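Shown next: work-v7.cif, given as mmCIF, C-alpha atoms and all ligand atoms.
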```
data_target
loop_
_atom_site.label_atom_id
_atom_site.label_comp_id
_atom_site.auth_asym_id
_atom_site.auth_seq_id
_atom_site.Cartn_x
_atom_site.Cartn_y
_atom_site.Cartn_z
CA MET A 1 84.87 178.06 308.87
CA PHE A 2 81.25 178.63 309.77
CA ASP A 3 80.67 180.54 306.56
CA SER A 4 82.27 177.81 304.56
CA ASP A 5 80.10 175.13 306.21
CA LEU A 6 76.95 177.12 305.46
CA GLY A 7 78.04 177.41 301.85
CA ALA A 8 78.40 173.66 301.62
CA ASN A 9 74.95 173.18 303.09
CA GLU A 10 73.43 175.56 300.60
CA LYS A 11 75.14 173.77 297.75
CA SER A 12 73.73 170.52 299.04
CA MET A 13 70.24 172.05 299.19
CA VAL A 14 70.54 173.32 295.63
CA ARG A 15 71.68 169.91 294.44
CA ARG A 16 68.75 168.29 296.23
CA ARG A 17 66.32 170.78 294.74
CA ALA A 18 67.74 170.14 291.29
CA PHE A 19 67.30 166.41 291.87
CA LEU A 20 63.67 166.89 292.89
CA VAL A 21 62.94 169.02 289.81
CA THR A 22 64.58 166.44 287.58
CA SER A 23 62.54 163.67 289.21
CA ALA A 24 59.31 165.64 288.76
CA LEU A 25 60.11 166.17 285.08
CA ALA A 26 60.83 162.48 284.65
CA LEU A 27 57.50 161.62 286.28
CA ALA A 28 55.63 164.09 284.08
CA GLY A 29 57.32 162.55 281.06
CA ALA A 30 56.25 159.09 282.13
CA ILE A 31 52.65 160.25 282.56
CA LEU A 32 52.64 161.92 279.14
CA TRP A 33 54.09 158.76 277.62
CA SER A 34 51.37 156.63 279.20
CA LEU A 35 48.70 158.99 277.78
CA ARG A 36 50.01 158.24 274.30
CA ARG A 37 48.66 154.71 274.51
CA PRO A 38 45.75 154.10 272.13
CA ARG A 39 42.32 155.13 273.34
CA LEU A 40 41.02 151.70 272.38
CA VAL A 41 42.62 150.09 275.38
CA GLN A 42 40.52 152.22 277.69
CA ALA A 43 37.27 150.72 276.47
CA GLU A 44 38.43 147.26 277.46
CA ALA A 45 39.65 148.46 280.82
CA ALA A 46 36.23 149.98 281.47
CA LYS A 47 34.46 146.64 280.99
CA GLY A 48 32.46 145.66 284.02
CA THR A 49 32.28 149.16 285.43
CA SER A 50 28.90 149.84 283.72
CA GLU A 51 29.70 153.44 282.89
CA GLU A 52 26.58 155.40 281.94
CA VAL A 53 26.41 157.84 279.06
CA THR A 54 23.82 160.42 278.06
CA ILE A 55 22.53 160.35 274.50
CA VAL A 56 19.47 161.55 272.61
CA GLU A 57 17.35 158.90 270.94
CA PHE A 58 15.87 159.42 267.47
CA SER A 59 13.32 157.47 265.47
CA ASP A 60 14.32 156.12 262.06
CA SER A 61 12.42 159.01 260.48
CA GLY A 62 14.69 161.45 262.28
CA GLU A 63 12.24 162.51 264.97
CA ARG A 64 13.89 163.49 268.25
CA LEU A 65 12.51 161.22 270.97
CA LYS A 66 14.13 161.73 274.37
CA THR A 67 17.38 162.13 276.26
CA VAL A 68 18.36 158.89 277.98
CA HIS A 69 21.07 157.62 280.30
CA VAL A 70 22.22 154.24 279.08
CA PRO A 71 25.08 151.90 279.92
CA LYS A 72 28.00 152.39 277.60
CA VAL A 73 28.39 149.57 275.06
CA VAL A 74 31.66 147.85 275.95
CA LYS A 75 32.81 144.72 274.12
CA THR A 76 36.04 142.82 273.89
CA GLU A 77 38.17 142.97 270.77
CA ASP A 78 37.03 139.42 269.91
CA GLU A 79 33.38 140.37 270.25
CA TRP A 80 33.82 143.37 267.95
CA ARG A 81 35.74 141.27 265.43
CA LYS A 82 32.85 138.78 265.31
CA GLN A 83 30.27 141.53 264.85
CA LEU A 84 32.11 143.65 262.26
CA SER A 85 33.81 143.04 258.93
CA ARG A 86 37.59 143.37 258.93
CA GLY A 87 37.51 146.82 257.29
CA VAL A 88 34.82 148.17 259.60
CA PHE A 89 36.68 146.81 262.63
CA ALA A 90 39.90 148.54 261.52
CA ILE A 91 38.14 151.89 261.12
CA THR A 92 35.73 151.88 264.08
CA ARG A 93 37.85 150.09 266.68
CA GLN A 94 41.39 150.92 265.51
CA ALA A 95 40.83 154.45 264.16
CA ASP A 96 41.81 153.61 260.58
CA THR A 97 40.53 155.78 257.70
CA GLU A 98 38.87 154.54 254.54
CA LEU A 99 40.22 155.69 251.18
CA ALA A 100 38.60 158.84 249.81
CA TYR A 101 35.77 158.14 247.32
CA SER A 102 35.75 154.48 248.37
CA GLY A 103 32.87 154.51 250.86
CA GLN A 104 29.19 154.06 250.10
CA TYR A 105 27.90 157.39 251.47
CA TRP A 106 30.17 160.23 250.29
CA ASN A 107 27.96 160.78 247.23
CA LEU A 108 24.61 159.80 248.77
CA HIS A 109 21.96 162.50 248.62
CA GLU A 110 18.94 160.60 249.96
CA LYS A 111 17.02 161.87 252.96
CA GLY A 112 17.60 159.84 256.07
CA LEU A 113 19.44 159.12 259.25
CA TYR A 114 22.99 157.88 259.78
CA ARG A 115 23.38 155.53 262.76
CA CYS A 116 26.51 154.03 264.30
CA ILE A 117 27.44 150.78 262.54
CA CYS A 118 28.49 149.32 265.90
CA CYS A 119 25.64 150.25 268.27
CA ASP A 120 22.82 151.99 266.29
CA ASN A 121 23.27 155.30 268.10
CA ALA A 122 21.86 158.11 265.90
CA LEU A 123 24.79 160.25 264.71
CA PHE A 124 23.94 162.41 261.70
CA ILE A 125 20.98 163.37 259.54
CA SER A 126 20.89 164.16 255.83
CA ASP A 127 19.68 167.73 256.50
CA THR A 128 23.21 168.67 257.63
CA LYS A 129 25.07 166.73 254.92
CA PHE A 130 26.96 168.70 252.29
CA ASP A 131 29.26 168.03 249.36
CA SER A 132 32.73 168.73 250.72
CA GLY A 133 34.60 167.44 247.66
CA THR A 134 36.78 165.30 249.91
CA GLY A 135 35.38 161.87 249.05
CA TRP A 136 34.12 161.32 252.59
CA PRO A 137 30.56 161.91 253.82
CA SER A 138 30.59 165.34 255.43
CA PHE A 139 28.18 167.04 257.81
CA TRP A 140 28.18 170.47 259.45
CA ALA A 141 26.74 169.14 262.72
CA PRO A 142 25.95 165.89 264.52
CA ILE A 143 22.27 165.06 265.04
CA ALA A 144 22.74 165.88 268.74
CA PRO A 145 25.93 167.09 270.43
CA GLU A 146 25.45 164.47 273.16
CA ASN A 147 25.68 161.61 270.67
CA VAL A 148 29.28 162.16 269.58
CA ARG A 149 32.48 162.88 271.46
CA THR A 150 35.60 164.66 270.32
CA THR A 151 39.16 164.00 271.42
CA ARG A 152 42.53 165.39 270.44
CA ASP A 153 44.33 163.19 267.93
CA ALA A 154 48.04 163.78 267.39
CA SER A 155 48.60 160.69 265.22
CA LEU A 156 50.33 160.90 261.81
CA GLY A 157 52.12 164.04 262.94
CA MET A 158 48.97 166.16 262.67
CA ALA A 159 46.94 167.94 265.33
CA ARG A 160 43.39 166.83 264.59
CA THR A 161 40.15 166.38 266.50
CA ALA A 162 38.82 162.84 266.34
CA VAL A 163 35.08 162.15 266.54
CA SER A 164 33.70 159.03 268.18
CA CYS A 165 30.32 157.56 269.13
CA THR A 166 29.35 158.47 272.70
CA LYS A 167 27.57 155.16 273.23
CA CYS A 168 30.25 152.71 272.09
CA ASP A 169 33.46 154.70 271.43
CA ALA A 170 33.47 153.75 267.74
CA HIS A 171 35.89 155.94 265.79
CA LEU A 172 33.86 157.88 263.22
CA GLY A 173 36.28 160.35 261.66
CA HIS A 174 37.54 163.88 262.36
CA VAL A 175 36.05 167.35 262.63
CA PHE A 176 37.63 170.42 261.01
CA ASP A 177 36.79 174.12 261.20
CA ASP A 178 36.54 174.73 257.45
CA GLY A 179 32.90 173.73 257.05
CA PRO A 180 29.93 175.75 255.79
CA GLU A 181 27.50 177.91 257.77
CA PRO A 182 25.80 177.85 260.20
CA THR A 183 28.50 176.09 262.26
CA GLY A 184 31.60 176.44 260.12
CA LEU A 185 32.42 172.83 261.00
CA ARG A 186 33.11 169.88 258.74
CA TYR A 187 32.51 166.48 260.29
CA CYS A 188 34.54 164.31 257.92
CA MET A 189 33.24 160.80 258.49
CA ASN A 190 34.06 157.31 257.32
CA SER A 191 31.15 155.69 255.48
CA ALA A 192 32.21 152.43 257.10
CA SER A 193 31.39 153.78 260.57
CA LEU A 194 27.85 154.66 259.53
CA LYS A 195 24.63 152.83 258.69
CA PHE A 196 22.17 154.80 256.59
CA VAL A 197 18.44 154.50 257.30
CA ALA A 198 16.33 156.03 254.50
CA ARG A 199 13.53 158.31 255.66
CA GLN A 200 10.25 156.44 255.67
CA VAL A 201 7.50 157.56 253.34
CA THR A 202 4.57 158.19 255.67
CA GLY A 203 1.94 159.13 253.14
CA ILE A 204 2.24 162.79 254.10
CA PRO A 205 3.30 164.72 251.01
CA ASN A 206 6.81 166.13 251.20
CA GLN A 207 7.01 169.89 251.59
ZN ZN B 301 28.28 153.48 268.53
#
```
Would you put the structure from the file into structure tokens?
Ligand SMILES: [Zn+2]
Amino acid sequence: MFDSDLGANEKSMVRRRAFLVTSALALAGAILWSLRRPRLVQAEAAKGTSEEVTIVEFSDSGERLKTVHVPKVVKTEDEWRKQLSRGVFAITRQADTELAYSGQYWNLHEKGLYRCICCDNALFISDTKFDSGTGWPSFWAPIAPENVRTTRDASLGMARTAVSCTKCDAHLGHVFDDGPEPTGLRYCMNSASLKFVARQVTGIPNQ
């Protein structure tokens, strides 16, 4: 009888353990599900917390100035909608993508700086721009690694790496590993996320 009782206890323990494992899996599933929520919501939630970010400032002529710690630019959806056109809002704040060959910068070859359309953060410079043949402005590096952030993007059934502005979280585009030397990277950007500033003529002859 004793043996039989022990057996029952063990069975009970196993059942309990199985229940705990099942509960843990359910909890993990719930956490994963909550992580699927759009990144955009986080920016709103962060409002009022005055999060600081580190970026490198550049002059309009592309000269590196200094590394600064600045409050992150956080605005409500309404505020962004007032500031941006509908198309720019959809791309920068809702991670939409402009049609290939439709933007104003994919075929631009002028020397200059590309700033964030939302917050003026310096993002790219013409020295790293190349013709990718994709119909989107493409660069092999950001102007400073601090000025952009990358996140995993599993939308549309693809595993991609999204690129956003460090200072304001604007969605810029994606980065791929099929770019040219020296980095082998291709920052595939939306023209709509960028604001081009032509290099100023200073009177010093170009090299
Ligand atoms: Zn920005």
CA of Cys188 (chain A) to CA of Met158 (chain A), distance in Å rounded to a single decimal: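 For CA of Cys188 (chain A) relative to CA of Met158 (chain A), the distance reads 15.3 Å.
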Within 7 Å of ligand ZN 301 (chain B) (only C-alpha atoms and all ligand atoms), residues as a PDB file with C-alpha atoms, in the coordinates of the input:
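As written to disk, result21.pdb reads:
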```
ATOM      1  CA  CYS A 116      26.510 154.030 264.300  1.00  0.00           C
ATOM      2  CA  ILE A 117      27.440 150.780 262.540  1.00  0.00           C
ATOM      3  CA  CYS A 118      28.490 149.320 265.900  1.00  0.00           C
ATOM      4  CA  CYS A 119      25.640 150.250 268.270  1.00  0.00           C
ATOM      5  CA  ASP A 120      22.820 151.990 266.290  1.00  0.00           C
ATOM      6  CA  ASN A 121      23.270 155.300 268.100  1.00  0.00           C
ATOM      7  CA  CYS A 165      30.320 157.560 269.130  1.00  0.00           C
ATOM      8  CA  THR A 166      29.350 158.470 272.700  1.00  0.00           C
ATOM      9  CA  LYS A 167      27.570 155.160 273.230  1.00  0.00           C
ATOM     10  CA  CYS A 168      30.250 152.710 272.090  1.00  0.00           C
ATOM     11  CA  ASP A 169      33.460 154.700 271.430  1.00  0.00           C
ATOM     12  CA  ALA A 170      33.470 153.750 267.740  1.00  0.00           C
TER      13      ALA A 170
END
```
Spatial neighbours of region 94-111 of chain A, 7 Å, all atoms listed in the file, chain gap at least 6 places, as number ranges by chain: A: 40, 126, 134-137, 171, 190-192, 198-199
Can I get the selection written as a CSV table (one decimal), in the frame of the given file, with C-alpha atoms?
```csv
chain,number,residue,atom,x,y,z
A,40,LEU,CA,41.0,151.7,272.4
A,126,SER,CA,20.9,164.2,255.8
A,134,THR,CA,36.8,165.3,249.9
A,135,GLY,CA,35.4,161.9,249.0
A,136,TRP,CA,34.1,161.3,252.6
A,137,PRO,CA,30.6,161.9,253.8
A,171,HIS,CA,35.9,155.9,265.8
A,190,ASN,CA,34.1,157.3,257.3
A,191,SER,CA,31.2,155.7,255.5
A,192,ALA,CA,32.2,152.4,257.1
A,198,ALA,CA,16.3,156.0,254.5
A,199,ARG,CA,13.5,158.3,255.7
```
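Picture a line from CA of Thr151 (chain A) to CA of Met189 (chain A); it runs 14.6 Å.
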Sphere at (28.7, 158.5, 280.1), radius 12 Å, counting only C-alpha atoms: residues as a list in words: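 Output: Ala46, Thr49, Ser50, Glu51, Glu52, Val53, Thr54, Ile55, Val68, His69, Val70, Pro71, Lys72, Val73, Val74, Glu146, Asn147, Val148, Arg149, Cys165, Thr166, Lys167, Cys168 and Asp169 of chain A.
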Write the residues of the selection above to a file with C-alpha atoms, as a PDB file, in the coordinates of the input.
```
ATOM      1  CA  ALA A  46      36.230 149.980 281.470  1.00  0.00           C
ATOM      2  CA  THR A  49      32.280 149.160 285.430  1.00  0.00           C
ATOM      3  CA  SER A  50      28.900 149.840 283.720  1.00  0.00           C
ATOM      4  CA  GLU A  51      29.700 153.440 282.890  1.00  0.00           C
ATOM      5  CA  GLU A  52      26.580 155.400 281.940  1.00  0.00           C
ATOM      6  CA  VAL A  53      26.410 157.840 279.060  1.00  0.00           C
ATOM      7  CA  THR A  54      23.820 160.420 278.060  1.00  0.00           C
ATOM      8  CA  ILE A  55      22.530 160.350 274.500  1.00  0.00           C
ATOM      9  CA  VAL A  68      18.360 158.890 277.980  1.00  0.00           C
ATOM     10  CA  HIS A  69      21.070 157.620 280.300  1.00  0.00           C
ATOM     11  CA  VAL A  70      22.220 154.240 279.080  1.00  0.00           C
ATOM     12  CA  PRO A  71      25.080 151.900 279.920  1.00  0.00           C
ATOM     13  CA  LYS A  72      28.000 152.390 277.600  1.00  0.00           C
ATOM     14  CA  VAL A  73      28.390 149.570 275.060  1.00  0.00           C
ATOM     15  CA  VAL A  74      31.660 147.850 275.950  1.00  0.00           C
ATOM     16  CA  GLU A 146      25.450 164.470 273.160  1.00  0.00           C
ATOM     17  CA  ASN A 147      25.680 161.610 270.670  1.00  0.00           C
ATOM     18  CA  VAL A 148      29.280 162.160 269.580  1.00  0.00           C
ATOM     19  CA  ARG A 149      32.480 162.880 271.460  1.00  0.00           C
ATOM     20  CA  CYS A 165      30.320 157.560 269.130  1.00  0.00           C
ATOM     21  CA  THR A 166      29.350 158.470 272.700  1.00  0.00           C
ATOM     22  CA  LYS A 167      27.570 155.160 273.230  1.00  0.00           C
ATOM     23  CA  CYS A 168      30.250 152.710 272.090  1.00  0.00           C
ATOM     24  CA  ASP A 169      33.460 154.700 271.430  1.00  0.00           C
TER      25      ASP A 169
END
```
Length of the CA of Ser138 (chain A) to CA of Thr67 (chain A) vector [Å]: 24.9 Å
